[in-house]
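A.B. asks: Dumping the structure here so I can ask a few things about it.
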There are 2 protein chains.
Amino acid sequence: MKATIFQGSGKIEVQEVPDPVIQKPDDAIVKVTYCCICGSDLWPYRGLEPRDAGSRIGHEFMGIVEAVGEDVKNVKPGDLVVAPFVISDGTCPVCRAGETRFCRNFMFWGSKGNDAGQGEKVRVPMANGTLFAIPKDKLDEHMMRALLPLSDVLCTGHHAAVCGEVKEGSTVAVVGDGAVGLCAVAASKRLGASRIFLISTHKDRAAIGKKFGATDIIEARGDEAISQVKLKTNTLGVDCALECVGTPESWQIAFGVVRIGGNIGMVGVPHNVPDIAISKLFSTNIGVKGSGSPAAHYIPELMPDVLSGKLDVSAIFTKTIPLSDIAQGYKDMDERKEIKVLVKP
Amino acid sequence: MKATIFQGSGKIEVQEVPDPVIQKPDDAIVKVTYCCICGSDLWPYRGLEPRDAGSRIGHEFMGIVEAVGEDVKNVKPGDLVVAPFVISDGTCPVCRAGETRFCRNFMFWGSKGNDAGQGEKVRVPMANGTLFAIPKDKLDEHMMRALLPLSDVLCTGHHAAVCGEVKEGSTVAVVGDGAVGLCAVAASKRLGASRIFLISTHKDRAAIGKKFGATDIIEARGDEAISQVKLKTNTLGVDCALECVGTPESWQIAFGVVRIGGNIGMVGVPHNVPDIAISKLFSTNIGVKGSGSPAAHYIPELMPDVLSGKLDVSAIFTKTIPLSDIAQGYKDMDERKEIKVLVKP
């Protein structure tokens, strides 16, 4: 079978690898039907995050179960399934508290000898906690593209909204117009936000944001973006700022646009973001919360709304390629030609 | 009339001062019936916080309205009223968002030429936003003592619980067994917490905590306190840690006892607490939120439960003195002989 191998900064290759086999009683083997490239795959691609050369890569995929170990009860061969971006057991105290991202036995795809998502097949450890069956009736290509984001970006955008405490009537500002930011817009709309500002200077991304529920596009950066949001919120700022980038610049905007007593929901992996002074929070009653998303916890809640068509973020996929072209897919995302690239192995 | 004057570290005096008069159309004059000494009054008393010598002091009081300016509509002469610890207009965008602590026109008692609470009478600026009338029928001395904490500590304990997201079924750990911590216990119980740990090595305070709803007293400090809470929560930690002290030691406990994905509600004014690394929050999904309490926002919600007897924290007052003895009251609280001293001018 073929799989994508990270060979170092800027080097993505598709190679022939052995077919996976069941190694443990709670393993499953999944034949991948759809996978995709994540913004976070670009960090090692750009040399900004260490990753072993020769390692498998990719953590967003769905497919058909081919085989299961004897302890696997939640899915069976033939099931259409989606997997979250973190392998989790679903049974430890942390998982039971809903924090599957931090499962006591968590593993990442492509590390510790695990397969990864950008390939033809994947061995899935702890399949009872890690795989979610999708009712298969009448699912067309469009629905597949709407379901795949459950593996990461849709749950991550939803996590930003949950951590930022978006609720009925909230005013929201989304910082970041990548796939996660756009999903945060859709998640905020689903949770009842009355006004959603998307800070975006890219017309194509802003257009998708509008489609997902953004009521106002702020075509500006830095202090100018902050001023425009304040101006449009009676000088107050928004109830919820959703930080979907993770840079000092994006954090400056998040703190700048959120109102006294509001909340920052953060899902952008922080890179060189300064520490926060407790006194800065205490003197504003601004709350800060966030992390990688507990996708396995959110999938059961979000999937019905995806299947009903109420939650459709398939428009984040701006290009579809075969596995053999995946190196070009990375290049296109790295150069910001595409928002997110879908891959059909 | 007589009022309490701060004369420098360790020096509290009762002096004769001019009777207050209406200066602005939205002023009211209140004859103080009950006031008290706050833990935060001890910071300047101990020389740990700057305060002008010769300034009036005290920010928790209730009393009877004697006179009002022509623009005062919410209260009238003869009304029994309670005042929050911050003067706020109640009408600016920040107040309307419920964040009265940060009112755009906020003032503190005893600063900017304002009277303060530990005296016979007080001129109350912005009385429409700052005074809350209490239905007077059948209120006995006990009820007065249950109502007075609405001015600060009860609302502050409630704010800790709100910021820590205490709800039906939550597990809670309260860090701090002073008046605010004890009120945080009572507020957590009111919000439906199923288990409330109070970290306290003082038997008298722990006894009051038990009375207010603490299910478990953790008689330990530092790492030992953390271990005991973890042991009693299936190794997980609690959903909500309520930080009611504001020191590096109390923060260490708060971060130590809260579970992955839990929330720290902070109301202890931070003194020398280290900055928080964003990565520390991001790698745990622990939320942090808190500030001085928007008491004026909470009083209308909490007062009915106080009047019905459902919410009674009057036991925090361990001593009652006349105004002439207030210097001794400060001394007793400074030496931790008393939890909170009530003063009857």
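Chain labels A, B, ... are given in the sequence in which chains occur in the structure tokens; within each chain residues are numbered consecutively from 1, and ligands are likewise numbered from 1 in the order shown.
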Would you give me, as JSON lines, each residue of chain B having an atom within 6 Å of an atom of chain A, along with its shortest atom pair and that distance in Å to one decimal, using only C-alpha atoms and sorting by chain and residue number?
C.D. replies:
{"residue": "B:Asp275", "atom": "CA", "partner": "A:Ala277", "partner_atom": "CA", "distance": 4.4}
{"residue": "B:Ile276", "atom": "CA", "partner": "A:Ile276", "partner_atom": "CA", "distance": 5.1}
{"residue": "B:Ala277", "atom": "CA", "partner": "A:Asp275", "partner_atom": "CA", "distance": 4.4}
{"residue": "B:Ile278", "atom": "CA", "partner": "A:Asp275", "partner_atom": "CA", "distance": 5.8}
{"residue": "B:Phe282", "atom": "CA", "partner": "A:Ser291", "partner_atom": "CA", "distance": 4.3}
{"residue": "B:Asn285", "atom": "CA", "partner": "A:Ser291", "partner_atom": "CA", "distance": 5.0}
{"residue": "B:Gly287", "atom": "CA", "partner": "A:Lys289", "partner_atom": "CA", "distance": 4.2}
{"residue": "B:Val288", "atom": "CA", "partner": "A:Val288", "partner_atom": "CA", "distance": 5.5}
{"residue": "B:Lys289", "atom": "CA", "partner": "A:Gly287", "partner_atom": "CA", "distance": 4.2}
{"residue": "B:Gly290", "atom": "CA", "partner": "A:Asn285", "partner_atom": "CA", "distance": 5.0}
{"residue": "B:Ser291", "atom": "CA", "partner": "A:Phe282", "partner_atom": "CA", "distance": 4.3}
A.B. asks: Would you mind exporting N, CA and C atoms of the selected residues as a PDB file, in the first residue's frame?
C.D. replies:
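Dumped to result.pdb:
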ATOM      1  N   ASP B 275       3.351  35.122  36.183  1.00  0.00           N
ATOM      2  CA  ASP B 275       2.603  35.111  34.929  1.00  0.00           C
ATOM      3  C   ASP B 275       2.289  33.667  34.535  1.00  0.00           C
ATOM      4  N   ILE B 276       1.242  33.514  33.733  1.00  0.00           N
ATOM      5  CA  ILE B 276       0.856  32.177  33.277  1.00  0.00           C
ATOM      6  C   ILE B 276       1.334  31.974  31.844  1.00  0.00           C
ATOM      7  N   ALA B 277       2.030  30.865  31.611  1.00  0.00           N
ATOM      8  CA  ALA B 277       2.423  30.530  30.242  1.00  0.00           C
ATOM      9  C   ALA B 277       1.186  30.044  29.488  1.00  0.00           C
ATOM     10  N   ILE B 278       0.958  30.623  28.321  1.00  0.00           N
ATOM     11  CA  ILE B 278      -0.175  30.203  27.485  1.00  0.00           C
ATOM     12  C   ILE B 278      -0.085  28.701  27.238  1.00  0.00           C
ATOM     13  N   PHE B 282      -2.839  25.811  27.412  1.00  0.00           N
ATOM     14  CA  PHE B 282      -3.159  25.091  26.173  1.00  0.00           C
ATOM     15  C   PHE B 282      -2.931  23.592  26.312  1.00  0.00           C
ATOM     16  N   ASN B 285      -6.130  22.531  28.884  1.00  0.00           N
ATOM     17  CA  ASN B 285      -7.508  23.034  28.721  1.00  0.00           C
ATOM     18  C   ASN B 285      -8.082  23.557  30.033  1.00  0.00           C
ATOM     19  N   GLY B 287      -9.206  26.562  32.235  1.00  0.00           N
ATOM     20  CA  GLY B 287      -9.615  27.944  32.024  1.00  0.00           C
ATOM     21  C   GLY B 287      -9.328  28.793  33.248  1.00  0.00           C
ATOM     22  N   VAL B 288      -9.000  30.051  33.011  1.00  0.00           N
ATOM     23  CA  VAL B 288      -8.742  30.983  34.107  1.00  0.00           C
ATOM     24  C   VAL B 288      -9.596  32.222  33.898  1.00  0.00           C
ATOM     25  N   LYS B 289     -10.335  32.599  34.925  1.00  0.00           N
ATOM     26  CA  LYS B 289     -11.148  33.811  34.822  1.00  0.00           C
ATOM     27  C   LYS B 289     -11.443  34.358  36.208  1.00  0.00           C
ATOM     28  N   GLY B 290     -11.495  35.667  36.319  1.00  0.00           N
ATOM     29  CA  GLY B 290     -11.882  36.265  37.589  1.00  0.00           C
ATOM     30  C   GLY B 290     -11.445  37.707  37.710  1.00  0.00           C
ATOM     31  N   SER B 291     -11.884  38.332  38.777  1.00  0.00           N
ATOM     32  CA  SER B 291     -11.638  39.765  39.001  1.00  0.00           C
ATOM     33  C   SER B 291     -12.313  40.150  40.302  1.00  0.00           C
TER      34      SER B 291
END
A.B. asks: What's around Gly113 of chain A at 12 Å? Count only C-alpha atoms, leave out sequence neighbours fewer than 6 positions away in its own chain, and write the answer as a ChimeraX atom specification.
C.D. replies: /A:20,23,52,54-57,107,122-125
A.B. asks: So how many Å separate atom CA of Ser250 of chain A and atom CA of Gly176 of chain A, to one decimal?
C.D. replies: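 Calculated distance between atom CA of Ser250 of chain A and atom CA of Gly176 of chain A is 7.6 Å.
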A.B. asks: Hey, can you check how far atom CA of Glu249 of chain A sits from atom CA of Val180 of chain A?
C.D. replies: 17.1 Å
A.B. asks: List as a list of chain:residue names the protein and nucleic acid residues near Val68 of chain A, meaning an atom at most 7 Å away when only C-alpha atoms are counted, but skip any in the same chain fewer than 3 places from it.
C.D. replies: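 Here the qualifying residues turn out to be A:Asp27, A:Ala28, A:Ile29, A:Val72, A:Lys76, A:Pro77.
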